[in-house]
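Below: one structure, written as structure tokens.
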Amino acid sequence: MALCKENFGCSSIEREYHPTGKPKLQVRTANRGTNSIRQFFRNVFLPQGYPESVSEDYLSYQIWDSIQAFASSITGTLATQSVLKGIGVGNEQATVLGATLTWLLKDCTGMLGQIIFAWVQGTNLDCNAKRYRLMADILNDVAIFLDILASLIPAQLFIFVVCLSSLCRSIVGVAGASTRAALSQHQARRNNMADVSVKDGSQETLVNVTALLFNLVLTPFVSKYKQLVFYLFTFFTMLHLYANYSAIKSVTMETINQARLCILVQEYLRSSTILNVKEVNMQEPVIFGTYRKMSIHLGCSIKNIYPDESILASLKKIYKDSKYLVFTDLVDDHIYTLLCNGSTVEHQLEGCFQAEVINAAMDNLISPQILEQNKTLQKVTQSASARIPQEVIKYSFEYTKENFGNFKKLLQSKHWITDRHLLGADEWRVDLMMNKKND
């Protein structure tokens, strides 16, 4: 009879400790053989504690991600072969200096593109990780196509094409690495982001080794039959794009960004219910941005609302005890949410909720049944139809104060994260104390 037993996480490995009549206990390990081999590969390629230590979408994402990595490695080899041919490998008339200058110019273009893209889109990569992840892979295919094309065009255009390819690939490097980090943070459920990241690297290395062996067999055929390059490129590019789209659509992120909030609020205004995490992520656009009748901006400067003493006085009167202000520009179809000093995550989420209510009213997205049940919402839609900005702001704020608390509770009941967000707020903060003399 065993004195005690233990198991390794949620795996099938169990150990029993039996008395022997001696100080040392006898150890019996169950489930050896094939299970031990499976456990070995699990330890090597999966995060410790899998599947409990990662998100539910981890396995589906990693499978599709491995497929796309394999396809990308194949097309990448085809591109490398074309570029080497283009810079003169195998051509007796090509010079070492010419090839070196071409390569340096190509690398320089990529480095500059990397810096500029990171500067312009840095914050958006966190807020829209899925969309930029897919965009990076599409650009990777564009870069590979340009590399293959470069070997077929006139020599005077070769440098331009490979520089354009390098520019695309530099964006791929920034967007791919940063969004992969964001996805790893989502997948890590035990503060084990480093473990998740390094095991992802191990999986990718295994895929690349497999692709390398495939390329060793494939390359001689490609050298003999040039038309085969385009057939292979087309097939593996389609596989790459499909696998990437499937990988991104399998991700279910619980953190709220602008796209997910738009879907949540619009459904709330149609049925007074909140969609669950999976439903919203399935609807979230990953190719193009979220469509709204009015553009929504968070954390804006007062300058955006055409600073006018009467407008500021009116806003301050409406938002007397609030930590945010919403201004509606019905001429250019913009909604500006100004944040006050000391505004919290909840205030920012509340301000965006009001902005989404205004957008829904302006676009006639509120269901008649919901309107019949709420007089304040009726006033919002009436003032929106009449295009009276002050009344739109006033009544939408009243509706927000009445309903945001319930909206937040419903979010939490559906396991949405509400103590942090990815709404992409800018850094401007308003100090209303400056205007107290106008009261």
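Labels used: A, B, ... for chains in the order of the structure tokens, numbers from 1 for residues in each chain, and numbers from 1 for ligands as shown.
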Determine, counting only C-alpha atoms, which protein, DNA and RNA residues have an atom within 8 Å of an atom of A:Asp333; residues of the same chain fewer than 3 positions away are not included. Present the result as a count of residues only.
6
Can you tell me, as an NGL selection string, which residues in stretch 230-370 of chain A count as alpha helix (DSSP H) by DSSP?
:A and (230-250 or 258-271 or 277-283 or 309-318 or 345-362 or 368-370)
Export C-alpha atoms of the chosen residues as an mmCIF file, in the first residue's frame?
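Here's the written file part34.cif:
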data_model
loop_
_atom_site.group_PDB
_atom_site.id
_atom_site.type_symbol
_atom_site.label_atom_id
_atom_site.label_comp_id
_atom_site.auth_asym_id
_atom_site.auth_seq_id
_atom_site.Cartn_x
_atom_site.Cartn_y
_atom_site.Cartn_z
ATOM 1 C CA PHE A 230 5.918 30.846 -59.536
ATOM 2 C CA TYR A 231 3.777 27.749 -59.027
ATOM 3 C CA LEU A 232 5.434 27.029 -55.707
ATOM 4 C CA PHE A 233 5.295 30.675 -54.661
ATOM 5 C CA THR A 234 1.576 30.886 -55.455
ATOM 6 C CA PHE A 235 0.719 27.678 -53.592
ATOM 7 C CA PHE A 236 2.759 28.361 -50.462
ATOM 8 C CA THR A 237 1.721 32.037 -50.360
ATOM 9 C CA MET A 238 -1.957 31.069 -50.395
ATOM 10 C CA LEU A 239 -1.256 28.520 -47.653
ATOM 11 C CA HIS A 240 0.679 31.156 -45.702
ATOM 12 C CA LEU A 241 -2.132 33.717 -45.905
ATOM 13 C CA TYR A 242 -4.855 31.214 -45.020
ATOM 14 C CA ALA A 243 -2.894 29.860 -42.051
ATOM 15 C CA ASN A 244 -2.195 33.382 -40.807
ATOM 16 C CA TYR A 245 -5.824 34.435 -41.065
ATOM 17 C CA SER A 246 -6.929 31.269 -39.260
ATOM 18 C CA ALA A 247 -4.304 31.813 -36.547
ATOM 19 C CA ILE A 248 -5.400 35.393 -35.906
ATOM 20 C CA LYS A 249 -9.109 34.521 -35.904
ATOM 21 C CA SER A 250 -8.462 31.787 -33.337
ATOM 22 C CA GLN A 258 -11.582 50.299 -29.722
ATOM 23 C CA ALA A 259 -12.765 47.646 -32.190
ATOM 24 C CA ARG A 260 -14.071 45.299 -29.489
ATOM 25 C CA LEU A 261 -15.695 48.128 -27.544
ATOM 26 C CA CYS A 262 -17.514 49.256 -30.684
ATOM 27 C CA ILE A 263 -18.952 45.755 -31.162
ATOM 28 C CA LEU A 264 -19.868 45.470 -27.467
ATOM 29 C CA VAL A 265 -21.642 48.833 -27.237
ATOM 30 C CA GLN A 266 -23.531 48.394 -30.495
ATOM 31 C CA GLU A 267 -24.842 45.017 -29.343
ATOM 32 C CA TYR A 268 -25.748 46.529 -25.959
ATOM 33 C CA LEU A 269 -27.767 49.226 -27.741
ATOM 34 C CA ARG A 270 -29.511 46.593 -29.853
ATOM 35 C CA SER A 271 -30.391 44.017 -27.208
ATOM 36 C CA VAL A 277 -15.228 37.136 -25.475
ATOM 37 C CA LYS A 278 -15.249 34.572 -28.273
ATOM 38 C CA GLU A 279 -18.226 36.116 -30.080
ATOM 39 C CA VAL A 280 -16.662 39.579 -30.132
ATOM 40 C CA ASN A 281 -13.267 38.315 -31.260
ATOM 41 C CA MET A 282 -14.907 36.447 -34.132
ATOM 42 C CA GLN A 283 -16.567 39.693 -35.264
ATOM 43 C CA GLU A 309 -14.634 80.201 -24.393
ATOM 44 C CA SER A 310 -18.343 79.465 -24.810
ATOM 45 C CA ILE A 311 -17.695 75.842 -25.839
ATOM 46 C CA LEU A 312 -15.373 75.259 -22.886
ATOM 47 C CA ALA A 313 -17.849 76.858 -20.498
ATOM 48 C CA SER A 314 -20.657 74.684 -21.879
ATOM 49 C CA LEU A 315 -18.597 71.498 -21.584
ATOM 50 C CA LYS A 316 -17.495 72.348 -18.068
ATOM 51 C CA LYS A 317 -21.096 72.880 -17.018
ATOM 52 C CA ILE A 318 -22.134 69.465 -18.374
ATOM 53 C CA VAL A 345 -9.013 53.328 -16.556
ATOM 54 C CA GLU A 346 -12.709 53.378 -15.631
ATOM 55 C CA HIS A 347 -13.076 57.050 -16.596
ATOM 56 C CA GLN A 348 -11.435 56.401 -19.958
ATOM 57 C CA LEU A 349 -13.667 53.401 -20.598
ATOM 58 C CA GLU A 350 -16.712 55.463 -19.602
ATOM 59 C CA GLY A 351 -15.718 58.289 -21.952
ATOM 60 C CA CYS A 352 -15.328 55.856 -24.838
ATOM 61 C CA PHE A 353 -18.697 54.307 -23.967
ATOM 62 C CA GLN A 354 -20.350 57.720 -24.346
ATOM 63 C CA ALA A 355 -18.523 58.299 -27.630
ATOM 64 C CA GLU A 356 -19.809 54.964 -28.953
ATOM 65 C CA VAL A 357 -23.360 55.866 -27.888
ATOM 66 C CA ILE A 358 -23.106 59.120 -29.859
ATOM 67 C CA ASN A 359 -21.736 57.289 -32.897
ATOM 68 C CA ALA A 360 -24.554 54.720 -32.725
ATOM 69 C CA ALA A 361 -27.160 57.488 -32.464
ATOM 70 C CA MET A 362 -25.689 59.355 -35.436
ATOM 71 C CA PRO A 368 -36.502 50.682 -31.658
ATOM 72 C CA GLN A 369 -37.192 48.338 -28.724
ATOM 73 C CA ILE A 370 -34.325 49.826 -26.703
#
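With only C-alpha atoms as the atoms that count, the minimum distance from A:Thr290 to the choices A:Ser396, A:Ser170, A:Asn257, A:Gln187 is reached by A:Asn257.
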Contacts of A:Pro47 at 6 Å or less, counting only C-alpha atoms, minus same-chain residues fewer than 3 places along, as a short mmCIF file (atom, residue, chain, number, x, y, z; two decimals) with N, CA and C atoms, in the first residue's frame?
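Just written: selection23.cif:
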data_model
loop_
_atom_site.label_atom_id
_atom_site.label_comp_id
_atom_site.auth_asym_id
_atom_site.auth_seq_id
_atom_site.Cartn_x
_atom_site.Cartn_y
_atom_site.Cartn_z
N TYR A 50 1.50 23.49 -19.15
CA TYR A 50 0.52 23.43 -20.23
C TYR A 50 -0.47 22.29 -19.97
N ASP A 195 8.68 32.16 -20.63
CA ASP A 195 8.58 30.73 -20.97
C ASP A 195 7.76 30.54 -22.24
N VAL A 196 6.64 31.25 -22.34
CA VAL A 196 5.80 31.16 -23.54
C VAL A 196 6.58 31.61 -24.78
#
Between atom CA of A:Gln412 and atom CA of A:Glu254, what is the distance, to one decimal in Å?
10.3 Å
Shell of 12 Å around A:Ile159, only C-alpha atoms, local chain residues under 2 positions omitted, as number ranges by chain:
A: 83, 86-87, 98-107, 109, 146-147, 149-151, 153-157, 161-166
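For the residues A:Met193, A:Met253, A:Ile13, A:Leu112, ranking by smallest atom-to-atom distance to A:Ile417 using only C-alpha atoms places A:Met253 first.
Ranking A:Leu46, A:Leu410, A:Val27, A:Ile305 by their shortest atom-to-atom distance to A:Tyr58, with only C-alpha atoms included, puts A:Leu46 first.
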Please return as a PyMOL selection string: the residues of stretch 198-372 of chain A that backbone DSSP assigns to strand (DSSP E).
chain A and resi 255-257+295-298+324-329+334-339
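In terms of minimum interatomic distance to A:Gly9, A:Gly49 ranks closest within A:Gly110, A:Gly76, A:Gly49, A:Gly424, counting only C-alpha atoms.
Considering only C-alpha atoms, the residue among A:Val251, A:Leu275, A:Ile148, A:Val217 positioned nearest to A:Trp64 is A:Val251.
Closest approach to A:Asn128 among A:Val286, A:Ala194, A:Leu325, A:Ile335 is made by A:Val286 (distances from only C-alpha atoms).
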